[in-house]
>>> print(open('run_15.txt').read())   # compact mmCIF, N, CA and C atoms
# COMPACT_ATOMS: atom_id res chain seq x y z
N GLY A 117 0.80 -1.18 0.00
CA GLY A 117 0.00 0.00 0.00
C GLY A 117 0.85 1.25 0.00
N PRO A 118 0.25 2.41 -0.01
CA PRO A 118 0.99 3.66 -0.07
C PRO A 118 1.81 3.94 1.18
N ASN A 119 1.48 3.31 2.31
CA ASN A 119 2.23 3.55 3.54
C ASN A 119 3.19 2.43 3.87
N ASP A 120 3.33 1.46 2.98
CA ASP A 120 4.24 0.36 3.20
C ASP A 120 5.63 0.77 2.77
N GLY A 121 6.62 0.15 3.32
CA GLY A 121 7.98 0.47 2.93
C GLY A 121 8.97 -0.42 3.61
N ILE A 122 10.21 -0.15 3.33
CA ILE A 122 11.30 -0.89 3.95
C ILE A 122 12.34 0.12 4.38
N VAL A 123 12.87 -0.07 5.58
CA VAL A 123 13.92 0.78 6.09
C VAL A 123 15.22 0.02 5.96
N VAL A 124 16.19 0.64 5.33
CA VAL A 124 17.52 0.06 5.20
C VAL A 124 18.40 0.81 6.19
N SER A 125 18.98 0.10 7.12
CA SER A 125 19.83 0.77 8.09
C SER A 125 21.29 0.54 7.76
N GLY A 126 22.09 1.53 8.02
CA GLY A 126 23.52 1.44 7.75
C GLY A 126 24.18 2.77 8.05
N ASN A 127 25.44 2.91 7.64
CA ASN A 127 26.13 4.15 7.90
C ASN A 127 27.19 4.39 6.83
N GLY A 128 27.67 5.60 6.76
CA GLY A 128 28.72 5.98 5.83
C GLY A 128 29.22 7.36 6.22
N THR A 129 30.40 7.73 5.75
CA THR A 129 30.96 9.03 6.13
C THR A 129 30.18 10.18 5.52
N THR A 130 29.82 10.06 4.26
CA THR A 130 28.93 10.99 3.59
C THR A 130 27.66 10.20 3.33
N PRO A 131 26.50 10.77 3.54
CA PRO A 131 25.29 9.97 3.35
C PRO A 131 25.19 9.39 1.94
N PRO A 132 25.06 8.06 1.84
CA PRO A 132 24.81 7.46 0.54
C PRO A 132 23.38 7.74 0.12
N ASN A 133 23.07 7.53 -1.13
CA ASN A 133 21.71 7.71 -1.63
C ASN A 133 21.20 6.37 -2.11
N LEU A 134 20.35 5.74 -1.30
CA LEU A 134 19.83 4.41 -1.62
C LEU A 134 18.46 4.52 -2.27
N VAL A 135 18.29 3.81 -3.38
CA VAL A 135 17.04 3.82 -4.14
C VAL A 135 16.57 2.39 -4.30
N LEU A 136 15.29 2.13 -3.97
CA LEU A 136 14.70 0.80 -4.13
C LEU A 136 13.77 0.83 -5.32
N ALA A 137 13.97 -0.09 -6.26
CA ALA A 137 13.13 -0.16 -7.46
C ALA A 137 12.57 -1.57 -7.61
N PRO A 138 11.36 -1.72 -8.11
CA PRO A 138 10.54 -0.66 -8.68
C PRO A 138 9.94 0.23 -7.59
N ALA A 139 9.89 1.51 -7.88
CA ALA A 139 9.41 2.50 -6.91
C ALA A 139 7.93 2.33 -6.58
N ASP A 140 7.17 1.76 -7.50
CA ASP A 140 5.72 1.62 -7.29
C ASP A 140 5.35 0.29 -6.65
N GLY A 141 6.32 -0.49 -6.19
CA GLY A 141 6.03 -1.72 -5.47
C GLY A 141 6.13 -2.96 -6.33
N LEU A 142 5.92 -4.10 -5.70
CA LEU A 142 5.99 -5.39 -6.36
C LEU A 142 4.58 -5.96 -6.51
N ALA A 143 4.28 -6.50 -7.67
CA ALA A 143 2.96 -7.09 -7.92
C ALA A 143 3.06 -8.61 -7.76
N PHE A 144 2.29 -9.15 -6.82
CA PHE A 144 2.29 -10.59 -6.59
C PHE A 144 1.10 -11.27 -7.25
N GLY A 145 0.15 -10.49 -7.75
CA GLY A 145 -1.04 -11.08 -8.36
C GLY A 145 -1.89 -11.78 -7.32
N ARG A 146 -2.79 -12.62 -7.79
CA ARG A 146 -3.64 -13.38 -6.86
C ARG A 146 -2.86 -14.57 -6.34
N VAL A 147 -2.87 -14.72 -5.03
CA VAL A 147 -2.18 -15.84 -4.39
C VAL A 147 -3.24 -16.59 -3.58
N PRO A 148 -3.61 -17.80 -4.01
CA PRO A 148 -4.63 -18.55 -3.29
C PRO A 148 -4.22 -18.82 -1.84
N LEU A 149 -5.20 -18.82 -0.96
CA LEU A 149 -4.99 -19.08 0.45
C LEU A 149 -4.24 -20.39 0.62
N GLY A 150 -3.24 -20.38 1.47
CA GLY A 150 -2.47 -21.60 1.75
C GLY A 150 -1.34 -21.87 0.77
N THR A 151 -1.12 -20.96 -0.18
CA THR A 151 -0.03 -21.14 -1.13
C THR A 151 0.93 -19.95 -1.03
N GLN A 152 2.03 -20.06 -1.73
CA GLN A 152 2.99 -18.97 -1.77
C GLN A 152 3.11 -18.45 -3.18
N SER A 153 3.44 -17.18 -3.28
CA SER A 153 3.66 -16.58 -4.59
C SER A 153 5.02 -17.00 -5.11
N GLY A 154 5.25 -16.69 -6.36
CA GLY A 154 6.61 -16.80 -6.89
C GLY A 154 7.44 -15.66 -6.30
N ILE A 155 8.72 -15.77 -6.46
CA ILE A 155 9.61 -14.72 -5.95
C ILE A 155 9.56 -13.51 -6.86
N ARG A 156 9.47 -12.34 -6.25
CA ARG A 156 9.54 -11.07 -6.97
C ARG A 156 10.81 -10.37 -6.51
N GLN A 157 11.48 -9.71 -7.42
CA GLN A 157 12.74 -9.08 -7.09
C GLN A 157 12.65 -7.56 -7.10
N ALA A 158 13.38 -6.96 -6.19
CA ALA A 158 13.55 -5.52 -6.15
C ALA A 158 15.05 -5.26 -6.18
N THR A 159 15.42 -4.11 -6.70
CA THR A 159 16.82 -3.75 -6.80
C THR A 159 17.10 -2.56 -5.88
N LEU A 160 18.12 -2.71 -5.06
CA LEU A 160 18.58 -1.64 -4.18
C LEU A 160 19.85 -1.08 -4.81
N THR A 161 19.84 0.23 -5.12
CA THR A 161 20.98 0.86 -5.77
C THR A 161 21.48 2.02 -4.94
N ASN A 162 22.77 2.10 -4.79
CA ASN A 162 23.40 3.25 -4.15
C ASN A 162 23.77 4.21 -5.27
N THR A 163 22.93 5.22 -5.48
CA THR A 163 23.16 6.19 -6.56
C THR A 163 24.12 7.30 -6.15
N GLY A 164 24.55 7.29 -4.89
CA GLY A 164 25.50 8.29 -4.42
C GLY A 164 26.93 7.85 -4.66
N THR A 165 27.85 8.59 -4.09
CA THR A 165 29.27 8.26 -4.24
C THR A 165 29.85 7.64 -2.97
N ALA A 166 29.16 7.81 -1.84
CA ALA A 166 29.64 7.25 -0.58
C ALA A 166 29.20 5.80 -0.44
N THR A 167 30.00 5.02 0.26
CA THR A 167 29.67 3.62 0.54
C THR A 167 28.58 3.54 1.59
N ALA A 168 27.60 2.66 1.38
CA ALA A 168 26.56 2.38 2.37
C ALA A 168 26.91 1.07 3.06
N ASN A 169 27.12 1.13 4.36
CA ASN A 169 27.39 -0.07 5.14
C ASN A 169 26.05 -0.60 5.62
N LEU A 170 25.58 -1.67 4.98
CA LEU A 170 24.24 -2.20 5.25
C LEU A 170 24.26 -3.05 6.52
N LEU A 171 23.41 -2.66 7.46
CA LEU A 171 23.33 -3.36 8.74
C LEU A 171 22.09 -4.23 8.84
N GLY A 172 21.10 -4.00 7.99
CA GLY A 172 19.89 -4.80 8.04
C GLY A 172 18.74 -4.13 7.33
N PHE A 173 17.65 -4.86 7.23
CA PHE A 173 16.42 -4.38 6.59
C PHE A 173 15.28 -4.52 7.58
N ASN A 174 14.45 -3.48 7.73
CA ASN A 174 13.29 -3.52 8.61
C ASN A 174 12.06 -3.05 7.85
N TRP A 175 10.93 -3.69 8.12
CA TRP A 175 9.66 -3.37 7.46
C TRP A 175 8.96 -2.20 8.13
N ILE A 176 8.22 -1.43 7.34
CA ILE A 176 7.33 -0.38 7.85
C ILE A 176 5.96 -0.61 7.23
N GLY A 177 4.95 -0.87 8.03
CA GLY A 177 3.57 -0.95 7.56
C GLY A 177 3.26 -2.10 6.62
N VAL A 178 4.11 -3.09 6.54
CA VAL A 178 3.87 -4.20 5.61
C VAL A 178 2.99 -5.24 6.29
N GLN A 179 2.01 -5.71 5.56
CA GLN A 179 1.07 -6.70 6.09
C GLN A 179 1.75 -8.05 6.27
N ASN A 180 1.22 -8.87 7.18
CA ASN A 180 1.74 -10.22 7.40
C ASN A 180 1.68 -11.02 6.11
N GLY A 181 2.60 -11.92 5.96
CA GLY A 181 2.63 -12.78 4.80
C GLY A 181 3.75 -12.44 3.83
N PHE A 182 4.25 -11.22 3.85
CA PHE A 182 5.35 -10.84 2.98
C PHE A 182 6.66 -11.20 3.68
N ALA A 183 7.62 -11.68 2.91
CA ALA A 183 8.90 -12.05 3.50
C ALA A 183 10.03 -11.74 2.54
N LEU A 184 11.11 -11.26 3.10
CA LEU A 184 12.37 -11.15 2.36
C LEU A 184 12.99 -12.54 2.45
N VAL A 185 13.12 -13.23 1.33
CA VAL A 185 13.58 -14.61 1.33
C VAL A 185 15.02 -14.77 0.85
N GLY A 186 15.63 -13.69 0.43
CA GLY A 186 17.01 -13.76 0.00
C GLY A 186 17.49 -12.44 -0.55
N ASP A 187 18.80 -12.29 -0.62
CA ASP A 187 19.39 -11.11 -1.22
C ASP A 187 20.84 -11.41 -1.56
N ASP A 188 21.38 -10.61 -2.44
CA ASP A 188 22.80 -10.73 -2.77
C ASP A 188 23.54 -9.45 -2.40
N CYS A 189 23.01 -8.75 -1.39
CA CYS A 189 23.59 -7.47 -0.98
C CYS A 189 24.85 -7.70 -0.14
N PRO A 190 25.92 -7.01 -0.51
CA PRO A 190 27.13 -7.08 0.31
C PRO A 190 26.95 -6.24 1.57
N SER A 191 27.83 -6.41 2.52
CA SER A 191 27.72 -5.61 3.74
C SER A 191 28.07 -4.14 3.47
N SER A 192 28.82 -3.89 2.41
CA SER A 192 29.15 -2.52 2.00
C SER A 192 28.76 -2.34 0.53
N LEU A 193 27.77 -1.48 0.30
CA LEU A 193 27.28 -1.22 -1.05
C LEU A 193 27.96 0.07 -1.54
N LEU A 194 28.89 -0.09 -2.46
CA LEU A 194 29.66 1.05 -2.96
C LEU A 194 28.80 1.98 -3.79
N GLY A 195 29.25 3.22 -3.95
CA GLY A 195 28.55 4.16 -4.82
C GLY A 195 28.44 3.59 -6.22
N GLY A 196 27.23 3.63 -6.80
CA GLY A 196 26.98 3.10 -8.12
C GLY A 196 26.70 1.60 -8.16
N GLN A 197 26.82 0.93 -7.03
CA GLN A 197 26.60 -0.52 -6.96
C GLN A 197 25.14 -0.83 -6.64
N SER A 198 24.66 -1.98 -7.14
CA SER A 198 23.29 -2.45 -6.89
C SER A 198 23.33 -3.86 -6.32
N CYS A 199 22.23 -4.23 -5.69
CA CYS A 199 22.04 -5.61 -5.25
C CYS A 199 20.55 -5.94 -5.38
N THR A 200 20.25 -7.22 -5.28
CA THR A 200 18.89 -7.70 -5.50
C THR A 200 18.30 -8.25 -4.20
N LEU A 201 17.04 -7.90 -3.96
CA LEU A 201 16.28 -8.43 -2.82
C LEU A 201 15.16 -9.31 -3.36
N ASP A 202 14.99 -10.50 -2.79
CA ASP A 202 13.96 -11.44 -3.22
C ASP A 202 12.84 -11.49 -2.19
N PHE A 203 11.61 -11.27 -2.67
CA PHE A 203 10.44 -11.25 -1.80
C PHE A 203 9.43 -12.32 -2.22
N ARG A 204 8.69 -12.80 -1.25
CA ARG A 204 7.63 -13.78 -1.49
C ARG A 204 6.44 -13.41 -0.62
N PHE A 205 5.24 -13.71 -1.11
CA PHE A 205 4.03 -13.50 -0.34
C PHE A 205 3.38 -14.84 -0.14
>>> encode(input="run_15.txt", output="structure tokens")
Amino acid sequence: GPNDGIVVSGNGTTPPNLVLAPADGLAFGRVPLGTQSGIRQATLTNTGTATANLLGFNWIGVQNGFALVGDDCPSSLLGGQSCTLDFRF
């Protein structure tokens, strides 16, 4: 929904600029009760020049049933670098 989101926590000497795409969310379609959706991917990109030291991911306003099931994010996301987050409902 419009108030759902994800908080990425970390630190850097100059604030990095982290962008999560797609910006309009992930579409899981209809998921029958008692089943799981296929995996949908989002891309986290550091569009800044400073390194982002990723400490974790926390949900904001996300309904039960959604899960981060994998990622290929390094602990330090360099400026211009991207990684992939895998979600399932």
>>> closest_residue(input="run_15.txt", among="A:Ile155, A:Leu142, A:Leu134, A:Ala166", to="A:Gly195", atoms="only N, CA and C atoms")
A:Ala166
>>> closest_residue(input="run_15.txt", among="A:Pro138, A:Gly154, A:Pro131, A:Gly164", to="A:Leu194", atoms="only N, CA and C atoms")
A:Gly164
>>> closest_residue(input="run_15.txt", among="A:Leu193, A:Val185, A:Ala137, A:Cys199", to="A:Ser153", atoms="only C-alpha atoms")
A:Val185
>>> closest_residue(input="run_15.txt", among="A:Thr167, A:Arg156, A:Gly172, A:Phe182", to="A:Leu201", atoms="all atoms listed in the file")
A:Arg156
>>> atom_distance(input="run_15.txt", atom1="atom CA of A:Pro132", atom2="atom C of A:Arg204")
27.8 Å
>>> closest_residue(input="run_15.txt", among="A:Leu184, A:Thr200, A:Phe205, A:Val135", to="A:Asn162", atoms="all atoms listed in the file")
A:Val135
>>> atom_distance(input="run_15.txt", atom1="atom C of A:Gln152", atom2="atom N of A:Gly186")
13.9 Å
>>> closest_residue(input="run_15.txt", among="A:Ala168, A:Ala139, A:Ala158, A:Val147", to="A:Gly196", atoms="only C-alpha atoms")
A:Ala168
